[in-house]
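File shown here: entry_11.pdb, holding PDB, C-alpha atoms.
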ATOM      1  CA  GLY A 171      70.826  46.170 -81.871
ATOM      2  CA  GLU A 172      69.017  46.522 -78.590
ATOM      3  CA  SER A 173      65.307  46.086 -79.016
ATOM      4  CA  VAL A 174      62.537  43.913 -77.787
ATOM      5  CA  GLY A 175      59.502  44.076 -79.972
ATOM      6  CA  LEU A 176      56.054  42.635 -80.232
ATOM      7  CA  HIS A 177      54.022  41.278 -83.102
ATOM      8  CA  LEU A 178      50.374  42.377 -83.447
ATOM      9  CA  PRO A 179      49.402  45.469 -81.501
ATOM     10  CA  THR A 180      45.887  44.176 -80.662
ATOM     11  CA  LEU A 181      44.569  40.681 -80.019
ATOM     12  CA  SER A 182      40.854  40.044 -79.635
ATOM     13  CA  VAL A 183      39.695  36.706 -78.233
ATOM     14  CA  GLN A 184      36.484  35.151 -77.018
ATOM     15  CA  GLU A 185      36.140  34.483 -73.300
ATOM     16  CA  GLY A 186      37.203  30.940 -72.573
ATOM     17  CA  ASP A 187      39.516  30.682 -75.560
ATOM     18  CA  ASN A 188      43.281  30.468 -75.254
ATOM     19  CA  SER A 189      45.370  33.537 -76.065
ATOM     20  CA  ILE A 190      48.859  33.647 -77.488
ATOM     21  CA  ILE A 191      50.852  36.860 -77.383
ATOM     22  CA  ASN A 192      54.163  36.999 -79.184
ATOM     23  CA  CYS A 193      57.388  38.895 -78.768
ATOM     24  CA  ALA A 194      60.583  39.068 -80.799
ATOM     25  CA  TYR A 195      63.897  40.170 -79.385
ATOM     26  CA  SER A 196      67.022  41.086 -81.247
ATOM     27  CA  ASN A 197      69.849  40.596 -78.780
ATOM     28  CA  SER A 198      71.023  37.003 -78.580
ATOM     29  CA  ALA A 199      72.893  37.844 -75.372
ATOM     30  CA  SER A 200      69.629  38.342 -73.483
ATOM     31  CA  ASP A 201      69.459  36.182 -70.356
ATOM     32  CA  TYR A 202      66.165  36.761 -68.723
ATOM     33  CA  PHE A 203      62.698  37.606 -69.996
ATOM     34  CA  ILE A 204      59.607  38.758 -68.219
ATOM     35  CA  TRP A 205      55.983  39.247 -69.190
ATOM     36  CA  TYR A 206      54.125  42.133 -67.642
ATOM     37  CA  LYS A 207      50.438  42.950 -67.647
ATOM     38  CA  GLN A 208      49.357  46.569 -67.534
ATOM     39  CA  GLU A 209      45.780  47.483 -66.808
ATOM     40  CA  SER A 210      44.497  50.927 -67.627
ATOM     41  CA  GLY A 211      45.917  53.561 -65.303
ATOM     42  CA  LYS A 212      48.148  51.125 -63.440
ATOM     43  CA  GLY A 213      51.772  50.144 -63.370
ATOM     44  CA  PRO A 214      53.159  46.998 -65.003
ATOM     45  CA  GLN A 215      52.400  43.868 -63.042
ATOM     46  CA  PHE A 216      54.674  40.833 -63.164
ATOM     47  CA  ILE A 217      53.089  37.750 -64.707
ATOM     48  CA  ILE A 218      55.814  35.222 -65.379
ATOM     49  CA  ASP A 219      59.500  35.073 -66.195
ATOM     50  CA  ILE A 220      61.920  32.726 -67.882
ATOM     51  CA  ARG A 221      65.675  32.454 -68.014
ATOM     52  CA  SER A 222      67.557  31.801 -71.224
ATOM     53  CA  ASN A 223      68.560  28.286 -70.122
ATOM     54  CA  MET A 224      64.915  27.225 -70.243
ATOM     55  CA  ASP A 225      62.471  26.943 -73.122
ATOM     56  CA  LYS A 226      59.224  26.695 -71.247
ATOM     57  CA  ARG A 227      57.830  27.755 -67.927
ATOM     58  CA  GLN A 228      54.316  27.372 -66.589
ATOM     59  CA  GLY A 229      52.361  29.341 -64.081
ATOM     60  CA  GLN A 230      48.746  29.459 -63.137
ATOM     61  CA  ARG A 231      46.877  29.597 -66.474
ATOM     62  CA  VAL A 232      49.950  31.116 -68.149
ATOM     63  CA  THR A 233      52.840  29.570 -70.004
ATOM     64  CA  VAL A 234      55.878  31.298 -71.421
ATOM     65  CA  LEU A 235      57.790  29.752 -74.307
ATOM     66  CA  LEU A 236      61.259  30.812 -75.354
ATOM     67  CA  ASN A 237      62.772  29.940 -78.702
ATOM     68  CA  LYS A 238      66.343  31.163 -78.699
ATOM     69  CA  THR A 239      67.002  29.941 -82.224
ATOM     70  CA  VAL A 240      64.623  32.482 -83.701
ATOM     71  CA  LYS A 241      64.743  34.865 -80.731
ATOM     72  CA  HIS A 242      61.054  34.573 -80.030
ATOM     73  CA  LEU A 243      59.075  34.668 -76.798
ATOM     74  CA  SER A 244      55.403  33.944 -76.339
ATOM     75  CA  LEU A 245      52.856  34.131 -73.575
ATOM     76  CA  GLN A 246      49.989  31.697 -73.601
ATOM     77  CA  ILE A 247      46.944  32.377 -71.456
ATOM     78  CA  ALA A 248      44.568  29.469 -71.001
ATOM     79  CA  ALA A 249      40.808  29.973 -70.736
ATOM     80  CA  THR A 250      41.044  33.717 -71.173
ATOM     81  CA  GLN A 251      38.825  35.724 -68.848
ATOM     82  CA  PRO A 252      37.505  39.306 -69.056
ATOM     83  CA  GLY A 253      39.925  40.214 -66.271
ATOM     84  CA  ASP A 254      42.788  39.335 -68.581
ATOM     85  CA  SER A 255      41.978  42.341 -70.770
ATOM     86  CA  ALA A 256      45.036  44.576 -70.585
ATOM     87  CA  VAL A 257      48.204  45.526 -72.418
ATOM     88  CA  TYR A 258      50.908  42.878 -72.245
ATOM     89  CA  PHE A 259      54.574  43.725 -72.499
ATOM     90  CA  CYS A 260      57.567  41.512 -72.775
ATOM     91  CA  ALA A 261      60.726  42.817 -71.183
ATOM     92  CA  GLU A 262      64.342  41.823 -71.173
ATOM     93  CA  ASN A 263      66.923  41.926 -68.418
ATOM     94  CA  ARG A 264      70.546  40.918 -68.995
ATOM     95  CA  ASP A 265      73.144  39.407 -66.675
ATOM     96  CA  SER A 266      75.672  41.593 -68.469
ATOM     97  CA  SER A 267      73.820  44.648 -67.288
ATOM     98  CA  ASN A 268      75.248  45.961 -64.061
ATOM     99  CA  THR A 269      72.087  47.784 -63.290
ATOM    100  CA  GLY A 270      69.155  45.441 -63.799
ATOM    101  CA  LYS A 271      67.326  47.795 -66.146
ATOM    102  CA  LEU A 272      64.438  46.373 -68.119
ATOM    103  CA  ILE A 273      64.017  46.862 -71.847
ATOM    104  CA  PHE A 274      60.379  46.732 -72.810
ATOM    105  CA  GLY A 275      58.683  45.818 -76.061
ATOM    106  CA  GLN A 276      55.889  47.809 -77.655
ATOM    107  CA  GLY A 277      52.947  46.030 -76.026
ATOM    108  CA  THR A 278      49.984  43.999 -77.239
ATOM    109  CA  THR A 279      46.480  44.940 -76.219
ATOM    110  CA  LEU A 280      44.415  41.886 -75.333
ATOM    111  CA  GLN A 281      40.661  42.358 -75.645
ATOM    112  CA  VAL A 282      38.470  39.601 -74.246
ATOM    113  CA  LYS A 283      34.965  39.455 -75.631
ATOM    114  CA  PRO A 284      32.307  38.038 -73.293
TER     115      PRO A 284
ATOM    116  CA  GLU B 205      51.726  42.198 -49.874
ATOM    117  CA  PRO B 206      54.505  44.784 -50.023
ATOM    118  CA  GLU B 207      54.120  47.424 -52.692
ATOM    119  CA  VAL B 208      55.810  50.409 -54.221
ATOM    120  CA  THR B 209      53.858  53.590 -53.600
ATOM    121  CA  GLN B 210      54.031  56.765 -55.648
ATOM    122  CA  THR B 211      52.741  60.259 -55.028
ATOM    123  CA  PRO B 212      51.068  62.227 -56.407
ATOM    124  CA  SER B 213      48.951  60.104 -58.709
ATOM    125  CA  HIS B 214      48.482  63.057 -61.034
ATOM    126  CA  GLN B 215      50.511  66.252 -61.330
ATOM    127  CA  VAL B 216      49.709  69.164 -63.603
ATOM    128  CA  THR B 217      52.406  71.751 -64.007
ATOM    129  CA  GLN B 218      53.225  74.783 -66.113
ATOM    130  CA  MET B 219      55.978  74.454 -68.669
ATOM    131  CA  GLY B 220      59.278  75.550 -67.160
ATOM    132  CA  GLN B 221      58.292  74.681 -63.600
ATOM    133  CA  GLU B 222      60.094  72.172 -61.425
ATOM    134  CA  VAL B 223      58.352  69.000 -60.328
ATOM    135  CA  ILE B 224      59.284  66.321 -57.848
ATOM    136  CA  LEU B 225      57.803  62.877 -58.157
ATOM    137  CA  ARG B 226      57.970  60.736 -55.059
ATOM    138  CA  CYS B 227      58.271  57.020 -54.527
ATOM    139  CA  VAL B 228      58.534  54.743 -51.532
ATOM    140  CA  PRO B 229      60.152  51.496 -52.699
ATOM    141  CA  ILE B 230      59.720  48.183 -50.910
ATOM    142  CA  SER B 231      61.751  48.352 -47.733
ATOM    143  CA  ASN B 232      64.243  45.507 -48.222
ATOM    144  CA  HIS B 233      64.908  46.277 -51.891
ATOM    145  CA  LEU B 234      68.278  47.574 -52.973
ATOM    146  CA  TYR B 235      67.838  48.583 -56.608
ATOM    147  CA  PHE B 236      65.621  51.451 -57.651
ATOM    148  CA  TYR B 237      64.441  52.673 -61.009
ATOM    149  CA  TRP B 238      62.418  55.284 -62.787
ATOM    150  CA  TYR B 239      60.669  54.488 -66.044
ATOM    151  CA  ARG B 240      58.543  56.641 -68.282
ATOM    152  CA  GLN B 241      55.601  55.797 -70.505
ATOM    153  CA  ILE B 242      54.258  58.293 -72.981
ATOM    154  CA  LEU B 243      50.579  57.698 -73.665
ATOM    155  CA  GLY B 244      50.059  54.687 -75.911
ATOM    156  CA  GLN B 245      53.743  53.826 -76.077
ATOM    157  CA  LYS B 246      56.038  51.347 -74.410
ATOM    158  CA  VAL B 247      57.659  51.733 -71.036
ATOM    159  CA  GLU B 248      61.120  53.325 -71.301
ATOM    160  CA  PHE B 249      63.984  53.116 -68.859
ATOM    161  CA  LEU B 250      65.141  56.434 -67.400
ATOM    162  CA  VAL B 251      67.557  55.724 -64.598
ATOM    163  CA  SER B 252      68.749  53.113 -62.148
ATOM    164  CA  PHE B 253      70.006  53.803 -58.643
ATOM    165  CA  TYR B 254      71.997  51.602 -56.289
ATOM    166  CA  ASN B 255      74.104  52.231 -53.223
ATOM    167  CA  ASN B 256      73.105  55.891 -53.190
ATOM    168  CA  GLU B 257      74.251  56.666 -56.666
ATOM    169  CA  ILE B 258      73.087  56.486 -60.248
ATOM    170  CA  SER B 259      74.251  53.252 -61.838
ATOM    171  CA  GLU B 260      72.889  53.882 -65.323
ATOM    172  CA  LYS B 261      70.861  56.505 -67.122
ATOM    173  CA  SER B 262      69.281  56.650 -70.530
ATOM    174  CA  GLU B 263      69.548  59.339 -73.178
ATOM    175  CA  ILE B 264      66.222  60.685 -71.977
ATOM    176  CA  PHE B 265      67.688  61.384 -68.554
ATOM    177  CA  ASP B 266      69.429  64.665 -69.379
ATOM    178  CA  ASP B 267      70.628  67.463 -67.115
ATOM    179  CA  GLN B 268      67.058  68.476 -66.355
ATOM    180  CA  PHE B 269      66.513  65.238 -64.450
ATOM    181  CA  SER B 270      67.879  64.203 -61.090
ATOM    182  CA  VAL B 271      67.166  61.502 -58.556
ATOM    183  CA  GLU B 272      67.650  61.337 -54.852
ATOM    184  CA  ARG B 273      67.150  58.974 -51.974
ATOM    185  CA  PRO B 274      67.210  61.529 -49.187
ATOM    186  CA  ASP B 275      66.216  59.525 -46.137
ATOM    187  CA  GLY B 276      66.572  55.815 -46.813
ATOM    188  CA  SER B 277      62.918  55.317 -47.640
ATOM    189  CA  ASN B 278      61.900  57.855 -50.272
ATOM    190  CA  PHE B 279      63.204  57.877 -53.822
ATOM    191  CA  THR B 280      62.495  61.015 -55.808
ATOM    192  CA  LEU B 281      62.685  62.101 -59.422
ATOM    193  CA  LYS B 282      63.069  65.812 -60.043
ATOM    194  CA  ILE B 283      62.564  67.542 -63.349
ATOM    195  CA  ARG B 284      64.057  71.009 -63.091
ATOM    196  CA  SER B 285      62.353  72.818 -65.946
ATOM    197  CA  THR B 286      59.534  70.820 -67.433
ATOM    198  CA  LYS B 287      58.807  70.708 -71.144
ATOM    199  CA  LEU B 288      55.614  69.729 -72.914
ATOM    200  CA  GLU B 289      57.248  66.505 -74.047
ATOM    201  CA  ASP B 290      57.838  65.467 -70.430
ATOM    202  CA  SER B 291      54.123  64.719 -70.179
ATOM    203  CA  ALA B 292      53.914  60.994 -69.468
ATOM    204  CA  MET B 293      53.314  58.381 -66.818
ATOM    205  CA  TYR B 294      56.330  57.977 -64.577
ATOM    206  CA  PHE B 295      56.793  54.657 -62.849
ATOM    207  CA  CYS B 296      59.065  53.878 -59.965
ATOM    208  CA  ALA B 297      60.272  50.293 -59.551
ATOM    209  CA  SER B 298      62.387  48.421 -57.049
ATOM    210  CA  MET B 299      64.111  45.057 -56.973
ATOM    211  CA  THR B 300      65.978  42.951 -54.448
ATOM    212  CA  GLY B 301      68.640  41.987 -56.998
ATOM    213  CA  ARG B 302      69.879  43.129 -60.393
ATOM    214  CA  VAL B 303      68.901  40.211 -62.576
ATOM    215  CA  GLY B 304      66.467  37.367 -62.330
ATOM    216  CA  THR B 305      64.394  38.973 -59.641
ATOM    217  CA  GLU B 306      60.972  40.498 -59.966
ATOM    218  CA  ALA B 307      60.719  44.239 -60.472
ATOM    219  CA  PHE B 308      57.849  45.715 -58.515
ATOM    220  CA  PHE B 309      56.274  48.790 -60.057
ATOM    221  CA  GLY B 310      54.310  51.545 -58.453
ATOM    222  CA  GLN B 311      50.972  52.751 -59.778
ATOM    223  CA  GLY B 312      52.647  55.668 -61.508
ATOM    224  CA  THR B 313      52.396  59.435 -61.521
ATOM    225  CA  ARG B 314      50.707  61.005 -64.495
ATOM    226  CA  LEU B 315      52.579  64.197 -65.275
ATOM    227  CA  THR B 316      50.830  66.722 -67.483
ATOM    228  CA  VAL B 317      52.809  69.745 -68.601
ATOM    229  CA  VAL B 318      50.714  72.600 -69.936
TER     230      VAL B 318
END

Rendering of file as structure tokens:
Amino acid sequence: GESVGLHLPTLSVQEGDNSIINCAYSNSASDYFIWYKQESGKGPQFIIDIRSNMDKRQGQRVTVLLNKTVKHLSLQIAATQPGDSAVYFCAENRDSSNTGKLIFGQGTTLQVKP
Amino acid sequence: EPEVTQTPSHQVTQMGQEVILRCVPISNHLYFYWYRQILGQKVEFLVSFYNNEISEKSEIFDDQFSVERPDGSNFTLKIRSTKLEDSAMYFCASMTGRVGTEAFFGQGTRLTVV
């Protein structure tokens, strides 16, 4: 099938704690994965990406982990801040696609409590 | 920082009317996209555009939809006869390459069909 899905629609964390947002994908041919952050009334904003030949990639306060064996992707946010409150989507982009379209998951709402 | 701009930010239209949503992609990008997001749902691919033609379209993108890049800077989405179910946020995105490059999204146009 062709689907990228997310576990847990809402995640509530205390400010300063670490957050982990999960995503499952179904197509083992997927090559490239991206996490997007969407704040209310805005378009998706790129956070971090990872190619299928990697299992971990780190950015500033964010880490993406890819487990191809179980087709699982996660986004870890360190020291979560109120400004991190948003909906987070994973998305998939395949080398086999001639068009570069993105397939998005359902989204997880991250709520950061002060 | 370069950005994708969309106009209008909000469009209200009567059912059956035609609407045109406008986008100015980032100037050196070659791949252009429209996505749709119904309130509270995930972002869905509508259409991709490259080299002045549609490269892929989804099932949502029926005969009522069309896209155009009339002057080398604007990228438009036209809905010929709007339906209530067309009410959604419409996002334009552009990329420099097909895969493994960041997709930049505009702020979106909220279309309300009444």

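Every protein or nucleic acid residue with an atom no more than 9 Å from stretch 231-240 of chain A, counting all atoms listed in the file and leaving out same-chain residues fewer than 6 positions away, appears here: Ala194, Tyr195, Ser198, Phe203, Ile204, Trp205, Ile217, Ile218, Asp219, Ile220, Arg221, Ser222, Met224, Asp225, Gln246, Ile247, Ala248, Ala249 and Thr250 of chain A.
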
Go ahead and save the picked residues with C-alpha atoms, as a tab-separated table (two decimals), keeping the file's coordinate frame.
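Below is the file that was written, result.tsv:
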chain	number	residue	atom	x	y	z
A	194	ALA	CA	60.58	39.07	-80.80
A	195	TYR	CA	63.90	40.17	-79.39
A	198	SER	CA	71.02	37.00	-78.58
A	203	PHE	CA	62.70	37.61	-70.00
A	204	ILE	CA	59.61	38.76	-68.22
A	205	TRP	CA	55.98	39.25	-69.19
A	217	ILE	CA	53.09	37.75	-64.71
A	218	ILE	CA	55.81	35.22	-65.38
A	219	ASP	CA	59.50	35.07	-66.19
A	220	ILE	CA	61.92	32.73	-67.88
A	221	ARG	CA	65.68	32.45	-68.01
A	222	SER	CA	67.56	31.80	-71.22
A	224	MET	CA	64.92	27.22	-70.24
A	225	ASP	CA	62.47	26.94	-73.12
A	246	GLN	CA	49.99	31.70	-73.60
A	247	ILE	CA	46.94	32.38	-71.46
A	248	ALA	CA	44.57	29.47	-71.00
A	249	ALA	CA	40.81	29.97	-70.74
A	250	THR	CA	41.04	33.72	-71.17

Please determine the contact residues of chain A with respect to chain B at a cut-off of 12 Å, counting only C-alpha atoms, and supply them as a ChimeraX atom specification. /A:173-176,179,200-222,257-279

Carefully work through the PyMOL selection byres ((chain B and resi 265-279) around 7) for this structure and note down the residues it includes, as a PyMOL selection string. chain B and resi 226-229+250-251+256+261-264+280-285

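Interatomic distance, atom CA of B:Ala292 against atom CA of A:Asp254: 24.4 Å.
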
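What separates atom CA of B:His214 from atom CA of B:Asp290 is a distance of 13.5 Å.
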
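Distance check against B:Asn232 using all atoms listed in the file: of B:Thr300, B:Thr286, B:Ser291, B:Gly220, the minimum falls on B:Thr300.
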
Would you be able to write out as a PyMOL selection string which residues have an atom within 9 Å of (42.1, 43.6, -83.6) in the file's coordinates, counting only C-alpha atoms? chain A and resi 178-182+279-281

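Atom CA of A:Gly229 lies 24.9 Å from atom CA of A:Ala199.
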